[in-house]
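Enquirer: I have a structure I would like to understand better, so I am pasting it below and will then ask my questions one at a time.
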Amino acid sequence: MKRLLDHTLRGYGQMLVANNRITGVCVLIGLFILSVEAALMSLGGALLISALASWRAQDDTVLKTGLFSVNGALLGALWLLFPQVPLWAQALTTAIGCTGMAFFFVPLAERMHEKKSPYVLFSLPYVAAAWTAIMALIFFGVHDAELTRGWRALLTNRFEKAEKHFLNTEVSSDMAEAYRCAGLGWSLYRRGDQTGAQTAFSRVLSLKTGVADAYDGLGWSRFRQGRYDDAALAFRRAVALDSFFADSWDGLGWCAMQTGNPEEARRHFTTAALCAPLFADAFTGLAETLPAGAAQDYAKSWSQFLANNLSLTAQFTSSRVLLCWLWFFIGIVWHSRTSALIAIAAVAVCMLGSLWLPVFGDTAFALNIVVIFLALGGHYLRLNLKTFLWTLFVTFALALLWEPLSEALLRLALLPLCLPFNLALLGSIAFFGWLHRKGLRDERIPIDWAASTPAQIRVFLAQKEVADVCWEKLQPADPGTPQPKTGSLQLPAKVDLKVHAE
């Protein structure tokens with residue numbers, strides 16, 4: 001049991017490329033803050049695949065770094081992106097997916113370890129299992145691909161296209177019908193059809209009364225029609241269901257402004273800003289309620305900055321999500337201060353890149369980039385100027401490929417998930433291996449070392465360089481002594497170097 005928990009927690013740590021139990025605990029806490037239901041499903045997947053992999057594997061060598069547990073954890077958390085899928089279907093596909101990953105990929109990983117392959121599967125099994133699960137749900141009629149396409153079109157402001165997708169969606173459950181009508185309602189709202197939007201949102205509430213998003217949409221459509229009291233009633237029901245719903249707190253603020261209650265509006269706008277610190281409209285409303293002075297100027301400046309530099313989706317990032325990310329960062333700091341600095345650099349690159357391409361503001365893309373920086377910044381490649389420039393090149397290449405890749409996969413009702421990260425990791429290892437074969441210094445870090453912290457890896461590299469110098473000095477003194485081939489960082493089979501993972 002102790003070993004099972006160890007593998008599971010290390011798997012959560014590997015979400016941030018950290019083979020560390022405490023980091024795993026921090027990640028798990030962050031997931032519970034984000035969604036208790038998703039965290040429990042993720043924990044179930046991680047425990048299940050850890051148990052199955054331990055039974056399937058010949059020994060513990062390929063499991064102790066948590067690189068199998070992370071796949072089960074990710075598969076369980078996948079359903080955050082598909083909340084309309086029934087709970088029984090989520091649990092069943094997670095269990096079958098974990099079983100399949102353990103059966104097919106554990107022998108492959110053992111074979112790669114036996115052959116001392118420089119490559120690592122990392123979360124590729126998760127991507128394969130997730131795509132298979134989605135296709136299976138579509139095949140059996142549990143999930144409709146049009147629903148995914150519709151929400152994707154809605155998030156990218158293609159409202160007419162989103163409406164067509166939602167109208168063409170065939171659903172088999174009240175939950176799925178509720179999400180279809182919610183998407184249709186927002187599409188009609190954005191196109192200016194407030195009556196149609198209210199009909200769609202009312203349909204959602206007739207199927208499932210606890211949908212805060214439907215009350216929020218109903219409130220805004222009434223607000224557009226000047227029905228401020230009715231809108232405020234809908235907004236209050238939304239925040240009663242989800243106290244972190246910043247958009248509804250913002251709506252309450254504007255309703256209070258329209259009815260001549262600036263003090264009440266200020267309280268609502270302040271609450272909205274606390275629930276979503278990046279929400280520009282909340283600060284715009286707050287500035288309207290403040291007296292002239294420095295506070296008002298600050299609120300206006302911050303609102304203008306957010307509106308000009310962040311997409312509406314990014315502005316809706318709630319304090320709950322930010323708190324989840326904070327726990328992730330605490331986990332990274334616990335594992336390695338070097339990794340923490342690299343993560344900050346990755347976030348800075350995404351923020352600056354969003355000024356050039358909107359794709360950098362996509363949360364899914366940004367998470368791929370942060371993990372790429374962590375993996376290539378001292379875990380699988382040496383941390384130096386050459387590898388940093390290569391990481392930047394990979395980042396901007398993926399930024400150009402993200403939209404075409406997403407659109408191509410969306411035609412099959414699939415999402416990129418963490419495929420870009422895995423391709424970047426494998427491609428980087430292959431590229432620097434090719435450079436080494438051409439006579440350049442090997443920038444790759446052996447797989448046996450990659451589970452350690454960047455600081456430990458630097459120590460290992462320094463020890464290796466000292467050993468190389470000693471061999472060079474001893475060789476002239478004793479020509480008959482064979483010198484080990486250490487031009488590459490891949491260690492000879494005779495060398496027994498114990499690496500402490502933590």
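We name chains A, B, ... following the order of the structure tokens; residues begin at 1 in each chain, and ligands are numbered from 1 as shown.
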Can you tell me, as a PyMOL selection string, what residues are no more than 10 Å from Ile332 in chain A when counting only C-alpha atoms, ignoring any on the same chain fewer than 6 positions away?

Expert: chain A and resi 13+16-18+20+22-24+26-27+326+338-343+374

Enquirer: Residues at most 8 Å from range 172-189 of chain A, counting only C-alpha atoms, excluding those fewer than 5 positions away in the same chain, as number ranges by chain?

Expert: A: 84-86, 141-143, 147, 150-151, 154, 159-160, 162-163, 166-167, 194, 196-201, 203-205, 207-208, 213-214, 217, 221

Enquirer: For N, CA and C atoms, I'd like the residues from the last selection saved as an mmCIF file, in the first residue's frame.

Expert:
```cif
data_model
loop_
_atom_site.group_PDB
_atom_site.id
_atom_site.type_symbol
_atom_site.label_atom_id
_atom_site.label_comp_id
_atom_site.auth_asym_id
_atom_site.auth_seq_id
_atom_site.Cartn_x
_atom_site.Cartn_y
_atom_site.Cartn_z
ATOM 1 N N GLN A 84 -20.616 17.191 -19.749
ATOM 2 C CA GLN A 84 -21.915 16.658 -20.151
ATOM 3 C C GLN A 84 -21.948 15.139 -20.204
ATOM 4 N N VAL A 85 -20.780 14.485 -20.143
ATOM 5 C CA VAL A 85 -20.722 13.023 -20.151
ATOM 6 C C VAL A 85 -21.216 12.500 -18.798
ATOM 7 N N PRO A 86 -22.136 11.550 -18.779
ATOM 8 C CA PRO A 86 -22.661 11.028 -17.498
ATOM 9 C C PRO A 86 -21.550 10.468 -16.612
ATOM 10 N N GLY A 141 -22.999 6.496 -28.788
ATOM 11 C CA GLY A 141 -24.059 7.486 -28.664
ATOM 12 C C GLY A 141 -24.135 8.201 -27.338
ATOM 13 N N VAL A 142 -23.110 8.075 -26.514
ATOM 14 C CA VAL A 142 -23.100 8.750 -25.213
ATOM 15 C C VAL A 142 -22.676 10.211 -25.355
ATOM 16 N N HIS A 143 -21.875 10.500 -26.364
ATOM 17 C CA HIS A 143 -21.360 11.850 -26.591
ATOM 18 C C HIS A 143 -21.494 12.173 -28.073
ATOM 19 N N LEU A 147 -21.286 18.675 -30.288
ATOM 20 C CA LEU A 147 -21.300 19.460 -29.054
ATOM 21 C C LEU A 147 -19.916 20.024 -28.769
ATOM 22 N N GLY A 150 -19.246 22.749 -31.309
ATOM 23 C CA GLY A 150 -20.021 23.948 -31.021
ATOM 24 C C GLY A 150 -19.399 24.811 -29.938
ATOM 25 N N TRP A 151 -18.977 24.189 -28.836
ATOM 26 C CA TRP A 151 -18.358 24.968 -27.755
ATOM 27 C C TRP A 151 -17.011 25.535 -28.195
ATOM 28 N N LEU A 154 -17.811 28.535 -30.217
ATOM 29 C CA LEU A 154 -18.293 29.605 -29.347
ATOM 30 C C LEU A 154 -17.136 30.302 -28.648
ATOM 31 N N PHE A 159 -19.934 32.662 -33.826
ATOM 32 C CA PHE A 159 -21.233 32.399 -33.232
ATOM 33 C C PHE A 159 -22.199 31.701 -34.197
ATOM 34 N N GLU A 160 -22.194 32.086 -35.471
ATOM 35 C CA GLU A 160 -23.084 31.433 -36.427
ATOM 36 C C GLU A 160 -22.713 29.960 -36.591
ATOM 37 N N ALA A 162 -21.142 28.156 -34.378
ATOM 38 C CA ALA A 162 -21.474 27.478 -33.122
ATOM 39 C C ALA A 162 -22.960 27.132 -33.083
ATOM 40 N N GLU A 163 -23.808 28.062 -33.523
ATOM 41 C CA GLU A 163 -25.245 27.805 -33.526
ATOM 42 C C GLU A 163 -25.597 26.602 -34.400
ATOM 43 N N PHE A 166 -24.644 23.385 -32.568
ATOM 44 C CA PHE A 166 -25.547 23.050 -31.472
ATOM 45 C C PHE A 166 -26.902 22.557 -31.998
ATOM 46 N N LEU A 167 -27.375 23.141 -33.105
ATOM 47 C CA LEU A 167 -28.642 22.706 -33.674
ATOM 48 C C LEU A 167 -28.543 21.305 -34.265
ATOM 49 N N GLN A 194 -32.162 38.008 -28.249
ATOM 50 C CA GLN A 194 -32.345 37.842 -26.807
ATOM 51 C C GLN A 194 -33.536 36.952 -26.482
ATOM 52 N N GLY A 196 -34.715 34.411 -28.325
ATOM 53 C CA GLY A 196 -34.292 33.030 -28.571
ATOM 54 C C GLY A 196 -33.338 32.528 -27.495
ATOM 55 N N ALA A 197 -32.455 33.423 -27.030
ATOM 56 C CA ALA A 197 -31.507 33.041 -25.982
ATOM 57 C C ALA A 197 -32.232 32.694 -24.696
ATOM 58 N N GLN A 198 -33.245 33.498 -24.340
ATOM 59 C CA GLN A 198 -33.987 33.225 -23.113
ATOM 60 C C GLN A 198 -34.747 31.899 -23.206
ATOM 61 N N THR A 199 -35.263 31.602 -24.390
ATOM 62 C CA THR A 199 -35.941 30.325 -24.578
ATOM 63 C C THR A 199 -34.982 29.155 -24.366
ATOM 64 N N ALA A 200 -33.762 29.299 -24.921
ATOM 65 C CA ALA A 200 -32.759 28.228 -24.779
ATOM 66 C C ALA A 200 -32.331 28.071 -23.325
ATOM 67 N N PHE A 201 -32.078 29.180 -22.636
ATOM 68 C CA PHE A 201 -31.650 29.102 -21.241
ATOM 69 C C PHE A 201 -32.769 28.552 -20.346
ATOM 70 N N ARG A 203 -34.949 26.408 -21.297
ATOM 71 C CA ARG A 203 -34.956 24.973 -21.573
ATOM 72 C C ARG A 203 -33.907 24.255 -20.721
ATOM 73 N N VAL A 204 -32.743 24.882 -20.554
ATOM 74 C CA VAL A 204 -31.699 24.301 -19.700
ATOM 75 C C VAL A 204 -32.224 24.122 -18.280
ATOM 76 N N LEU A 205 -32.867 25.164 -17.753
ATOM 77 C CA LEU A 205 -33.313 25.131 -16.365
ATOM 78 C C LEU A 205 -34.485 24.182 -16.166
ATOM 79 N N LEU A 207 -34.519 21.305 -17.557
ATOM 80 C CA LEU A 207 -33.884 19.989 -17.524
ATOM 81 C C LEU A 207 -33.012 19.793 -16.295
ATOM 82 N N LYS A 208 -32.322 20.860 -15.899
ATOM 83 C CA LYS A 208 -31.382 20.769 -14.774
ATOM 84 C C LYS A 208 -31.359 22.130 -14.094
ATOM 85 N N ASP A 213 -24.596 28.743 -15.097
ATOM 86 C CA ASP A 213 -24.333 29.391 -16.382
ATOM 87 C C ASP A 213 -25.632 29.762 -17.090
ATOM 88 N N ALA A 214 -26.670 28.935 -16.961
ATOM 89 C CA ALA A 214 -27.957 29.227 -17.600
ATOM 90 C C ALA A 214 -28.625 30.442 -16.943
ATOM 91 N N GLY A 217 -26.769 33.505 -18.212
ATOM 92 C CA GLY A 217 -27.189 33.883 -19.561
ATOM 93 C C GLY A 217 -28.570 34.490 -19.584
ATOM 94 N N SER A 221 -29.410 38.334 -20.921
ATOM 95 C CA SER A 221 -30.373 38.566 -21.999
ATOM 96 C C SER A 221 -31.510 39.484 -21.529
#
```

Enquirer: What's around range 261-275 of chain A at 7 Å? Count only C-alpha atoms, leave out sequence neighbours fewer than 6 positions away in its own chain, and write the answer as a list in words.

Expert: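 Near neighbours after the sequence-gap exclusion: Phe244, Phe245, Ala246, Asp247, Trp249, Asp250, Leu252, Gly253, Trp254, Ala282, Phe283, Gly285, Leu286, Thr289, Ser318 and Ser319 of chain A.
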
Enquirer: Take the residues that were just selected and, keeping N, CA, C and O atoms, output them as a tab-separated table (two decimals), in the first residue's frame.

Expert:
```
chain	number	residue	atom	x	y	z
A	244	PHE	N	-18.43	31.84	-6.82
A	244	PHE	CA	-17.28	32.37	-7.54
A	244	PHE	C	-17.65	32.84	-8.95
A	244	PHE	O	-16.76	33.13	-9.74
A	245	PHE	N	-18.93	32.92	-9.28
A	245	PHE	CA	-19.36	33.27	-10.63
A	245	PHE	C	-19.24	34.77	-10.83
A	245	PHE	O	-20.17	35.54	-10.60
A	246	ALA	N	-18.07	35.21	-11.27
A	246	ALA	CA	-17.77	36.63	-11.38
A	246	ALA	C	-18.69	37.35	-12.37
A	246	ALA	O	-19.07	38.50	-12.16
A	247	ASP	N	-19.07	36.68	-13.46
A	247	ASP	CA	-19.89	37.32	-14.48
A	247	ASP	C	-21.26	37.72	-13.92
A	247	ASP	O	-21.80	38.78	-14.26
A	249	TRP	N	-21.89	38.30	-10.61
A	249	TRP	CA	-21.67	39.41	-9.68
A	249	TRP	C	-21.52	40.72	-10.45
A	249	TRP	O	-22.03	41.77	-10.02
A	250	ASP	N	-20.84	40.66	-11.59
A	250	ASP	CA	-20.70	41.85	-12.44
A	250	ASP	C	-22.08	42.30	-12.95
A	250	ASP	O	-22.38	43.50	-12.98
A	252	LEU	N	-24.96	41.83	-11.46
A	252	LEU	CA	-25.66	42.46	-10.33
A	252	LEU	C	-25.20	43.90	-10.15
A	252	LEU	O	-26.00	44.79	-9.82
A	253	GLY	N	-23.90	44.13	-10.35
A	253	GLY	CA	-23.37	45.49	-10.22
A	253	GLY	C	-23.98	46.44	-11.25
A	253	GLY	O	-24.41	47.55	-10.92
A	254	TRP	N	-24.07	45.99	-12.50
A	254	TRP	CA	-24.63	46.86	-13.54
A	254	TRP	C	-26.13	47.04	-13.36
A	254	TRP	O	-26.67	48.13	-13.66
A	282	ALA	N	-15.45	44.13	-14.67
A	282	ALA	CA	-15.68	44.36	-13.24
A	282	ALA	C	-14.94	45.60	-12.77
A	282	ALA	O	-15.48	46.40	-11.99
A	283	PHE	N	-13.72	45.80	-13.25
A	283	PHE	CA	-12.96	46.99	-12.86
A	283	PHE	C	-13.50	48.24	-13.55
A	283	PHE	O	-13.42	49.35	-12.99
A	285	GLY	N	-16.73	48.75	-14.11
A	285	GLY	CA	-17.86	49.11	-13.27
A	285	GLY	C	-17.41	49.68	-11.94
A	285	GLY	O	-18.01	50.64	-11.43
A	286	LEU	N	-16.35	49.09	-11.35
A	286	LEU	CA	-15.85	49.60	-10.08
A	286	LEU	C	-15.38	51.04	-10.20
A	286	LEU	O	-15.61	51.86	-9.31
A	289	THR	N	-18.11	53.59	-9.92
A	289	THR	CA	-18.69	53.82	-8.59
A	289	THR	C	-17.73	54.53	-7.64
A	289	THR	O	-18.16	54.94	-6.56
A	318	SER	N	-11.07	32.33	-12.85
A	318	SER	CA	-11.55	32.61	-11.50
A	318	SER	C	-10.44	32.52	-10.47
A	318	SER	O	-9.36	31.96	-10.72
A	319	SER	N	-10.73	33.05	-9.29
A	319	SER	CA	-9.77	32.96	-8.19
A	319	SER	C	-9.54	31.51	-7.79
A	319	SER	O	-8.45	31.15	-7.34
```

Enquirer: Check the DSSP output for the backbone and give back, as a VMD selection string, the residues of range 239-396 of chain A in alpha helix (DSSP H).

Expert: chain A and resid 239 to 241 246 to 258 262 to 275 280 to 289 294 to 309 312 to 315 319 to 335 337 to 353 363 to 376 385 to 396

Enquirer: Rounded to one decimal, what separation in Å do you get between CA of Asn168 in chain A and CA of Leu409 in chain A?

Expert: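 Distance between the two atoms: 19.0 Å.
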
Enquirer: Write out as a VMD selection string each polymer residue whose atoms come within 10 Å of Val370 in chain A, counting only C-alpha atoms; drop sequence neighbours fewer than 5 positions from it.

Expert: chain A and resid 16 342 to 350 365 375 395 421

Enquirer: I'd like the contact shell of range 46-50 of chain A - 6 Å cut-off, only C-alpha atoms, skipping same-chain residues fewer than 6 positions apart - returned as a PyMOL selection string.

Expert: chain A and resi 8+69+72-73+98

Enquirer: In Å, with one decimal, what is the gap from CA of Val70 in chain A to CA of Arg10 in chain A?

Expert: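 Value for the CA of Val70 in chain A-CA of Arg10 in chain A distance: 7.9 Å.
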
Enquirer: For Tyr228 in chain A, which residue out of A:Gln258, A:Ser42, A:Thr156, A:Gln304 is the nearest one, using only C-alpha atoms?

Expert: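 Nearest candidate to Tyr228 in chain A out of A:Gln258, A:Ser42, A:Thr156, A:Gln304: A:Gln258.
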
Enquirer: Of the residues A:Gln58, A:Ser206, A:Asn71, A:Thr99, which is the one nearest to Leu121 in chain A, using only C-alpha atoms?

Expert: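 Checking each candidate against Leu121 in chain A, we get A:Asn71 as the closest.
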
Enquirer: Taking only C-alpha atoms into account, which of A:Leu440, A:Gln315, A:Leu417, A:Lys164 comes nearest Asn368 in chain A?

Expert: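 Nearest candidate to Asn368 in chain A out of A:Leu440, A:Gln315, A:Leu417, A:Lys164: A:Leu417.
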